[in-house]
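Listing of run25.csv; format and content: CSV, C-alpha atoms.
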chain,number,residue,atom,x,y,z
A,24,MET,CA,0.0,0.0,0.0
A,25,MET,CA,1.3,3.4,-0.9
A,26,ARG,CA,1.9,5.7,2.1
A,27,PRO,CA,0.4,9.2,2.2
A,28,ILE,CA,2.8,11.9,1.2
A,29,ARG,CA,2.8,15.2,3.3
A,30,PRO,CA,1.2,18.0,1.3
A,31,LEU,CA,3.9,20.2,-0.3
A,32,LEU,CA,1.9,23.3,0.5
A,33,ALA,CA,2.1,22.6,4.2
A,34,LEU,CA,5.9,22.2,3.9
A,35,LEU,CA,6.3,25.4,2.0
A,36,ALA,CA,4.2,27.3,4.5
A,37,ALA,CA,6.4,26.0,7.3
A,38,LEU,CA,9.5,27.0,5.5
A,39,ALA,CA,8.1,30.5,4.8
A,40,ALA,CA,7.3,30.9,8.5
A,41,ALA,CA,10.8,29.9,9.7
A,42,PRO,CA,13.7,32.3,9.7
A,43,ALA,CA,15.8,31.9,6.5
A,44,PRO,CA,19.6,31.5,6.8
A,45,ALA,CA,21.6,34.5,5.8
A,46,ALA,CA,22.9,33.6,2.3
A,47,GLU,CA,26.3,34.6,1.0
A,48,VAL,CA,26.4,34.8,-2.7
A,49,ILE,CA,29.3,32.7,-4.0
A,50,GLU,CA,28.5,32.9,-7.8
A,51,ALA,CA,26.0,35.6,-8.8
A,52,ARG,CA,25.2,34.0,-12.2
A,53,LEU,CA,25.9,30.5,-13.5
A,54,THR,CA,24.4,29.4,-16.8
A,55,SER,CA,22.9,26.0,-17.8
A,56,ASP,CA,20.9,24.8,-20.8
A,57,HIS,CA,17.6,25.6,-19.2
A,58,HIS,CA,18.2,28.1,-16.3
A,59,ASP,CA,20.5,30.8,-15.1
A,60,PHE,CA,21.0,30.3,-11.4
A,61,ARG,CA,23.1,31.6,-8.5
A,62,LEU,CA,25.1,29.7,-5.9
A,63,VAL,CA,24.8,30.8,-2.3
A,64,ARG,CA,26.4,29.6,0.9
A,65,LEU,CA,23.9,29.2,3.8
A,66,VAL,CA,26.3,27.8,6.5
A,67,GLU,CA,30.1,27.6,6.7
A,68,GLY,CA,32.4,26.0,9.2
A,69,LEU,CA,31.1,22.4,9.0
A,70,SER,CA,33.6,19.7,9.4
A,71,HIS,CA,33.2,17.1,6.6
A,72,PRO,CA,29.4,17.2,6.5
A,73,TRP,CA,27.8,14.1,5.1
A,74,SER,CA,24.1,14.4,4.9
A,75,LEU,CA,21.1,16.7,5.5
A,76,ALA,CA,17.5,16.3,6.2
A,77,PHE,CA,14.7,18.9,6.1
A,78,LEU,CA,12.3,18.9,9.0
A,79,PRO,CA,8.6,19.8,8.3
A,80,ASP,CA,8.9,23.0,10.5
A,81,GLY,CA,11.6,24.5,8.3
A,82,ARG,CA,14.6,23.5,10.4
A,83,THR,CA,17.4,21.4,8.9
A,84,LEU,CA,19.6,18.6,10.3
A,85,VAL,CA,23.2,18.2,9.1
A,86,SER,CA,25.5,15.2,10.0
A,87,GLU,CA,29.2,15.5,10.2
A,88,ARG,CA,31.3,12.4,9.6
A,89,GLY,CA,33.2,13.0,12.8
A,90,GLY,CA,30.1,12.1,14.8
A,91,ARG,CA,28.3,15.4,15.3
A,92,LEU,CA,24.7,16.2,14.3
A,93,TRP,CA,23.7,19.9,13.9
A,94,LEU,CA,20.2,21.4,14.1
A,95,LEU,CA,20.0,24.5,12.0
A,96,GLU,CA,17.3,27.1,12.5
A,97,GLY,CA,17.7,30.4,10.7
A,98,ASP,CA,21.2,31.7,11.5
A,99,ASP,CA,21.4,29.6,14.7
A,100,ARG,CA,22.8,26.1,15.0
A,101,ARG,CA,23.4,23.7,17.9
A,102,ALA,CA,24.9,20.3,18.2
A,103,LEU,CA,22.6,17.6,19.4
A,104,SER,CA,23.3,15.0,22.1
A,105,GLY,CA,22.3,11.4,22.2
A,106,LEU,CA,24.1,10.1,19.2
A,107,PRO,CA,25.6,6.5,18.9
A,108,ALA,CA,29.3,5.9,19.2
A,109,VAL,CA,30.9,5.9,15.8
A,110,SER,CA,34.2,4.6,14.3
A,111,THR,CA,35.8,7.6,12.6
A,112,ARG,CA,38.8,6.0,11.0
A,113,GLY,CA,39.2,6.7,7.3
A,114,GLN,CA,35.8,7.0,5.5
A,115,GLY,CA,33.8,6.0,8.6
A,116,GLY,CA,31.7,8.0,11.0
A,117,LEU,CA,28.2,9.4,11.2
A,118,LEU,CA,26.8,9.1,7.6
A,119,ASP,CA,23.3,9.5,6.2
A,120,LEU,CA,20.1,10.9,7.5
A,121,ALA,CA,16.5,10.2,6.5
A,122,LEU,CA,13.1,11.0,8.0
A,123,HIS,CA,10.2,8.5,8.2
A,124,PRO,CA,7.9,9.3,5.2
A,125,ASP,CA,5.1,10.2,7.6
A,126,TYR,CA,7.3,12.4,9.9
A,127,GLY,CA,5.2,15.4,11.1
A,128,SER,CA,1.9,14.0,9.9
A,129,GLY,CA,0.4,14.5,13.4
A,130,ASP,CA,0.2,10.9,14.8
A,131,GLY,CA,3.6,11.2,16.5
A,132,ASP,CA,4.3,7.5,16.1
A,133,SER,CA,6.1,8.1,12.8
A,134,ASP,CA,8.3,10.9,14.0
A,135,TRP,CA,11.6,9.0,13.6
A,136,LEU,CA,14.9,10.1,12.3
A,137,TYR,CA,17.0,7.3,10.7
A,138,LEU,CA,20.7,7.5,10.6
A,139,THR,CA,23.6,5.3,9.4
A,140,TYR,CA,27.0,5.1,10.8
A,141,SER,CA,30.1,3.0,11.1
A,142,ARG,CA,29.8,1.0,14.3
A,143,PRO,CA,32.9,0.0,16.3
A,144,GLY,CA,33.0,-3.5,17.5
A,145,PRO,CA,35.0,-6.8,17.7
A,146,GLY,CA,37.3,-7.1,14.7
A,147,GLY,CA,36.9,-3.5,13.5
A,148,SER,CA,33.7,-1.8,12.4
A,149,ALA,CA,30.4,-2.5,10.6
A,150,SER,CA,27.8,-0.4,8.8
A,151,ALA,CA,24.8,0.1,11.0
A,152,LEU,CA,21.3,1.7,11.1
A,153,ALA,CA,19.6,3.4,14.0
A,154,ARG,CA,16.6,5.6,14.6
A,155,ALA,CA,15.7,8.1,17.3
A,156,ARG,CA,13.3,10.9,18.1
A,157,LEU,CA,14.2,14.5,18.1
A,158,GLY,CA,13.8,16.0,21.6
A,159,ASP,CA,14.4,19.5,23.0
A,160,ALA,CA,18.0,18.7,24.1
A,161,GLY,CA,18.9,16.1,21.5
A,162,LEU,CA,18.1,12.7,20.3
A,163,THR,CA,15.9,10.4,22.5
A,164,GLU,CA,14.8,6.8,22.3
A,165,LEU,CA,17.8,5.9,20.2
A,166,GLU,CA,17.6,2.3,19.1
A,167,THR,CA,19.8,0.2,16.8
A,168,LEU,CA,17.8,-1.4,14.1
A,169,PHE,CA,20.4,-3.2,12.0
A,170,VAL,CA,24.1,-4.0,12.0
A,171,GLN,CA,25.7,-5.8,9.1
A,172,ASP,CA,26.6,-9.4,9.9
A,173,ARG,CA,30.4,-9.1,9.9
A,174,TYR,CA,32.8,-6.6,11.5
A,175,SER,CA,36.0,-6.0,9.5
A,176,ASP,CA,39.0,-3.8,9.3
A,177,PRO,CA,37.8,-0.2,9.6
A,178,GLY,CA,38.4,2.6,7.1
A,179,ARG,CA,36.8,2.1,3.7
A,180,HIS,CA,33.6,1.6,1.7
A,181,TYR,CA,30.8,1.8,4.2
A,182,GLY,CA,28.1,2.9,1.7
A,183,GLY,CA,25.5,4.1,4.1
A,184,ARG,CA,23.0,5.9,1.9
A,185,LEU,CA,19.3,5.6,2.8
A,186,ALA,CA,16.1,6.0,0.8
A,187,PHE,CA,12.4,5.2,1.5
A,188,LEU,CA,10.5,3.4,-1.3
A,189,PRO,CA,6.9,4.3,-2.1
A,190,ASP,CA,5.7,1.2,-0.1
A,191,GLY,CA,7.3,2.5,3.1
A,192,THR,CA,10.2,0.2,3.1
A,193,LEU,CA,13.7,1.5,3.7
A,194,VAL,CA,16.7,0.7,1.5
A,195,MET,CA,20.3,1.1,2.7
A,196,SER,CA,23.6,0.6,0.8
A,197,ILE,CA,26.6,-1.2,2.3
A,198,GLY,CA,30.0,-1.1,0.6
A,199,GLU,CA,32.1,-4.2,0.1
A,200,ARG,CA,34.5,-2.7,2.7
A,201,GLY,CA,37.5,-2.6,0.3
A,202,ARG,CA,39.9,-5.3,1.4
A,203,ASP,CA,38.1,-8.3,-0.1
A,204,PRO,CA,36.0,-7.2,-3.1
A,205,SER,CA,34.6,-10.8,-3.6
A,206,ARG,CA,32.4,-10.2,-0.6
A,207,ALA,CA,30.1,-8.3,-3.0
A,208,GLN,CA,29.3,-11.6,-4.7
A,209,ASP,CA,28.7,-13.6,-1.5
A,210,GLY,CA,25.0,-13.7,-0.7
A,211,GLY,CA,25.8,-14.8,2.8
A,212,ASP,CA,27.5,-11.4,3.5
A,213,HIS,CA,25.8,-8.0,3.7
A,214,ALA,CA,28.9,-6.3,2.2
A,215,GLY,CA,28.6,-5.0,-1.3
A,216,SER,CA,24.8,-4.9,-1.4
A,217,VAL,CA,21.6,-2.8,-1.1
A,218,LEU,CA,19.4,-3.9,1.7
A,219,ARG,CA,15.6,-3.5,1.9
A,220,LEU,CA,14.2,-3.2,5.5
A,221,THR,CA,11.0,-2.4,7.2
A,222,ALA,CA,10.7,0.8,9.2
A,223,GLU,CA,11.6,-1.3,12.3
A,224,GLY,CA,14.8,-2.8,10.6
A,225,ALA,CA,13.5,-6.3,9.8
A,226,ALA,CA,13.6,-8.0,6.4
A,227,PRO,CA,10.2,-7.7,4.6
A,228,ALA,CA,8.6,-11.0,3.7
A,229,ASP,CA,8.6,-10.2,0.0
A,230,ASN,CA,12.3,-9.5,-0.3
A,231,PRO,CA,13.8,-11.2,-3.4
A,232,PHE,CA,16.0,-13.8,-1.6
A,233,VAL,CA,13.9,-14.7,1.5
A,234,ASN,CA,13.4,-18.3,0.2
A,235,ASP,CA,17.1,-18.7,-0.8
A,236,ALA,CA,19.1,-20.2,2.0
A,237,ALA,CA,22.4,-19.0,0.4
A,238,VAL,CA,21.4,-15.3,0.5
A,239,LEU,CA,20.7,-13.2,3.6
A,240,ASP,CA,17.0,-12.1,3.8
A,241,GLU,CA,17.8,-8.4,4.0
A,242,ILE,CA,19.6,-8.3,0.7
A,243,TYR,CA,17.8,-6.6,-2.2
A,244,SER,CA,20.7,-6.4,-4.7
A,245,LEU,CA,24.2,-7.8,-5.0
A,246,GLY,CA,27.5,-6.8,-6.6
A,247,ASN,CA,27.5,-3.2,-5.5
A,248,ARG,CA,31.0,-1.8,-4.8
A,249,ASN,CA,30.3,1.3,-2.8
A,250,ILE,CA,27.0,3.2,-3.3
A,251,GLN,CA,27.1,6.8,-1.9
A,252,GLY,CA,24.2,8.3,-3.8
A,253,MET,CA,20.6,7.0,-3.7
A,254,THR,CA,17.2,8.5,-4.7
A,255,VAL,CA,13.8,7.6,-5.7
A,256,ASP,CA,12.3,9.1,-8.9
A,257,GLY,CA,8.8,10.3,-9.6
A,258,GLU,CA,7.8,6.8,-10.7
A,259,GLY,CA,9.0,5.2,-7.5
A,260,ARG,CA,12.2,3.7,-9.1
A,261,LEU,CA,15.4,3.5,-7.1
A,262,TRP,CA,18.6,5.0,-8.6
A,263,ALA,CA,22.1,4.8,-7.2
A,264,SER,CA,25.5,6.3,-8.0
A,265,GLU,CA,28.4,4.0,-7.2
A,266,HIS,CA,32.2,4.3,-7.0
A,267,GLY,CA,34.3,2.3,-9.4
A,268,PRO,CA,37.9,1.5,-8.5
A,269,ARG,CA,39.8,3.9,-10.7
A,270,GLY,CA,37.2,5.3,-13.1
A,271,GLY,CA,34.2,3.2,-14.0
A,272,ASP,CA,31.9,5.1,-11.6
A,273,GLU,CA,28.4,4.0,-12.3
A,274,LEU,CA,24.7,5.1,-12.3
A,275,ASN,CA,22.5,2.1,-11.7
A,276,ARG,CA,18.7,1.5,-11.5
A,277,ILE,CA,18.5,-0.8,-8.5
A,278,GLU,CA,16.0,-3.6,-8.9
A,279,ALA,CA,15.0,-6.5,-6.7
A,280,GLY,CA,17.3,-9.5,-7.0
A,281,ALA,CA,19.7,-7.9,-9.6
A,282,ASN,CA,23.4,-8.5,-9.5
A,283,TYR,CA,25.5,-5.4,-10.5
A,284,GLY,CA,28.7,-7.4,-11.1
A,285,TRP,CA,31.4,-6.1,-8.8
A,286,PRO,CA,34.2,-7.3,-8.9
A,287,GLU,CA,33.6,-9.7,-11.8
A,288,VAL,CA,32.3,-6.9,-14.0
A,289,SER,CA,33.7,-3.4,-13.9
A,290,LEU,CA,34.8,-0.6,-16.3
A,291,GLY,CA,37.4,0.6,-13.8
A,292,ARG,CA,41.0,-0.2,-13.3
A,293,ASP,CA,43.3,-1.5,-10.6
A,294,TYR,CA,44.9,1.3,-8.5
A,295,VAL,CA,48.4,-0.2,-8.7
A,296,THR,CA,48.7,-1.9,-12.1
A,297,PHE,CA,46.1,0.2,-14.0
A,298,LEU,CA,44.9,-3.0,-15.6
A,299,PRO,CA,41.2,-3.6,-16.2
A,300,ILE,CA,39.3,-5.4,-13.4
A,301,GLY,CA,37.0,-8.2,-14.4
A,302,ASP,CA,35.0,-8.2,-17.7
A,303,ASP,CA,33.1,-5.3,-19.3
A,304,SER,CA,29.9,-7.3,-19.1
A,305,ARG,CA,28.6,-10.7,-18.2
A,306,PRO,CA,25.3,-12.6,-18.7
A,307,GLY,CA,23.2,-12.5,-15.6
A,308,MET,CA,24.8,-9.3,-14.3
A,309,ARG,CA,23.3,-5.9,-14.8
A,310,ASP,CA,25.2,-3.3,-16.9
A,311,PRO,CA,25.2,0.3,-15.6
A,312,VAL,CA,22.8,2.8,-17.1
A,313,HIS,CA,25.6,5.4,-17.3
A,314,VAL,CA,29.3,5.5,-16.6
A,315,PHE,CA,30.6,8.8,-15.4
A,316,GLU,CA,33.5,10.4,-17.3
A,317,GLY,CA,37.0,10.1,-15.7
A,318,ARG,CA,37.3,9.8,-12.0
A,319,PHE,CA,34.0,11.3,-10.9
A,320,ALA,CA,33.8,9.8,-7.4
A,321,PRO,CA,30.1,10.0,-6.9
A,322,SER,CA,28.4,11.0,-3.6
A,323,GLY,CA,24.9,12.4,-3.3
A,324,LEU,CA,22.1,11.9,-5.8
A,325,ALA,CA,18.8,13.8,-6.1
A,326,TRP,CA,15.6,13.7,-8.2
A,327,VAL,CA,14.5,17.1,-9.2
A,328,SER,CA,10.9,18.0,-8.6
A,329,GLY,CA,8.9,21.1,-7.7
A,330,ASP,CA,8.6,24.4,-9.5
A,331,ALA,CA,11.9,26.2,-8.8
A,332,PHE,CA,13.7,24.7,-11.8
A,333,PRO,CA,11.0,23.6,-14.3
A,334,GLY,CA,13.7,23.0,-17.0
A,335,TRP,CA,15.4,20.5,-14.7
A,336,ARG,CA,12.3,18.8,-13.4
A,337,GLY,CA,12.5,15.0,-13.8
A,338,SER,CA,16.4,15.1,-14.0
A,339,LEU,CA,18.9,13.4,-11.7
A,340,LEU,CA,21.5,15.5,-10.1
A,341,ALA,CA,24.7,13.6,-9.2
A,342,GLY,CA,27.5,15.0,-7.0
A,343,GLY,CA,31.1,14.2,-7.3
A,344,LEU,CA,33.9,14.2,-4.7
A,345,LEU,CA,37.2,14.1,-6.6
A,346,SER,CA,35.7,15.7,-9.7
A,347,GLU,CA,34.0,18.5,-7.7
A,348,ARG,CA,31.2,18.3,-10.2
A,349,LEU,CA,27.4,18.5,-10.1
A,350,VAL,CA,26.1,16.7,-13.1
A,351,ARG,CA,22.5,16.8,-14.4
A,352,LEU,CA,21.3,13.6,-16.2
A,353,VAL,CA,18.1,13.1,-18.1
A,354,ILE,CA,16.9,9.5,-18.3
A,355,ASP,CA,14.6,8.0,-20.9
A,356,GLY,CA,13.8,4.5,-19.8
A,357,ASP,CA,17.2,3.1,-18.9
A,358,THR,CA,19.2,5.5,-21.2
A,359,VAL,CA,20.9,8.8,-20.4
A,360,VAL,CA,19.7,11.1,-23.2
A,361,GLU,CA,21.1,14.4,-21.8
A,362,ARG,CA,24.1,15.2,-19.7
A,363,GLU,CA,25.1,18.6,-18.4
A,364,VAL,CA,27.8,19.8,-15.9
A,365,LEU,CA,26.2,22.5,-13.6
A,366,LEU,CA,29.1,23.0,-11.2
A,367,GLU,CA,32.8,22.2,-11.4
A,368,GLY,CA,35.0,23.3,-8.5
A,369,GLU,CA,32.9,26.1,-7.2
A,370,ILE,CA,32.4,24.5,-3.8
A,371,GLY,CA,35.0,21.7,-3.8
A,372,ARG,CA,34.1,18.1,-3.1
A,373,ILE,CA,30.4,17.5,-3.2
A,374,ARG,CA,29.2,15.0,-0.6
A,375,ASP,CA,25.4,15.4,-0.6
A,376,VAL,CA,22.8,16.7,-3.1
A,377,ARG,CA,19.1,17.2,-2.1
A,378,SER,CA,16.1,18.6,-3.8
A,379,GLY,CA,14.5,20.7,-1.0
A,380,PRO,CA,10.9,21.1,0.0
A,381,ASP,CA,11.0,24.5,-1.7
A,382,GLY,CA,12.2,23.0,-5.0
A,383,GLN,CA,15.6,24.5,-4.8
A,384,VAL,CA,18.8,22.4,-4.8
A,385,TYR,CA,20.9,22.0,-1.6
A,386,LEU,CA,24.5,20.8,-1.5
A,387,LEU,CA,27.1,19.8,1.2
A,388,SER,CA,30.8,20.2,0.6
A,389,ASP,CA,33.1,17.5,2.0
A,390,GLU,CA,35.8,19.7,3.4
A,391,GLY,CA,37.4,20.3,6.8
A,392,ASP,CA,35.8,23.8,6.5
A,393,GLY,CA,32.7,22.6,4.6
A,394,GLY,CA,29.4,24.3,4.0
A,395,LEU,CA,25.8,24.0,3.1
A,396,TYR,CA,25.0,25.6,-0.2
A,397,ARG,CA,21.9,26.3,-2.3
A,398,LEU,CA,21.2,26.8,-6.0
A,399,GLU,CA,18.6,29.5,-6.7
A,400,PRO,CA,17.0,30.3,-10.0
A,401,ARG,CA,17.5,33.7,-11.5
A,402,GLU,CA,14.7,35.5,-13.2

Turn this file's structure into structure tokens for me.
Amino acid sequence: MMRPIRPLLALLAALAAAPAPAAEVIEARLTSDHHDFRLVRLVEGLSHPWSLAFLPDGRTLVSERGGRLWLLEGDDRRALSGLPAVSTRGQGGLLDLALHPDYGSGDGDSDWLYLTYSRPGPGGSASALARARLGDAGLTELETLFVQDRYSDPGRHYGGRLAFLPDGTLVMSIGERGRDPSRAQDGGDHAGSVLRLTAEGAAPADNPFVNDAAVLDEIYSLGNRNIQGMTVDGEGRLWASEHGPRGGDELNRIEAGANYGWPEVSLGRDYVTFLPIGDDSRPGMRDPVHVFEGRFAPSGLAWVSGDAFPGWRGSLLAGGLLSERLVRLVIDGDTVVEREVLLEGEIGRIRDVRSGPDGQVYLLSDEGDGGLYRLEPRE
């Protein structure tokens, strides 16, 4: 059953009533095929921010990889207490944020904030999912919903992106953790997969492998190296941007039971030898919808909706870390029919991309002195 979606008008009214952050214009005019726009910085001084979430009352949450969660309200911000302990070695830390689809609907039961993080434990760390409620002083009722089945050497490829599907289930990416890529082809290992969970963290009864003893019940797709961008489009389809090893960064449409090939199939190359890894394609393994140019290093993926950028509506916006690019992609079926670079270097490494409740585009830069940015249309 489809869950009700909060009315956009109510969100916009709440945003209009809340104090707006003071915006510093970084680029007064940037040009694209459909819109001229400007780039403004709303918040500076964030330490490697990873994700943001928009509360229905107009406030914003921002996670920092080092383990801090900020609540932003107008020009004010405060760090929230009550967070889980995180492993901050390498790429680990506090990662993605997502609100329950019915957050703020009035029943109170659905007012949950979901967060992913690298959890320290015996043998290293593991990708984990928790949820909590937002109280006056910080997070309350924190509960761990899911921890991947195996702790391993900390530092790399946690994945950690979250998205709610139209049926109310939650998908979560887990990287293959770097040291042993073959884990992504092992159905008995959560590493290198996309999981599909209930809002309480259990495996839904209709997951694709629940009747397969060789594959863990939570697994929704296999063969994913390190997904750090996920979004759901207007038709309810799940899209993901995924790191290749050295090049070969992919855009994939994630479907139940599909195998995306890593490491048996890849268009990237070995970091040391520069030789190809695996085959370009194999029967039974899903080819990418799009391969990003060069070493894009994807993180953050958004579906554009709303009225702020009508010429971009229905496009995907993909952020890049190493490339420092924001790329707009137009999809027709499973084919990219239009590609456009919107940003390249203006804010540095792009960690997260969101289409806000007001229809404008919000970005986080992954820097020691990172920031929250917004793209605004120009008349």

| request: Have a look at A:Tyr294, A:Trp135, A:Tyr174, A:Phe169 and name the one nearest to Ser148 of chain A; count all atoms listed in the file. | output: A:Tyr174

| Among listed residues A:Asp172, A:Ala226, A:Leu261, A:Pro189, nearest Asp125 of chain A (using all atoms listed in the file) | A:Pro189

| request: Would you mind listing what lies within 7 Å of Ser322 of chain A as a PyMOL selection string, with all atoms listed in the file counted and same-chain residues fewer than 5 positions away left out? | output: chain A and resi 251-252+342-344+373-375

| field | Contacts of segment 100-113 of chain A within 10 Å, all atoms listed in the file, excl. fewer than 2 positions in-chain, as a PyMOL selection string | value | chain A and resi 66+82-86+88-98+115-118+138-144+147-151+153-167+176-180

| message | Just want the 8 Å neighbourhood of Phe332 of chain A, counted on only C-alpha atoms, with same-chain residues fewer than 6 positions away dropped. Output as an NGL selection string. | response | :A and (58 or 382-383 or 400)
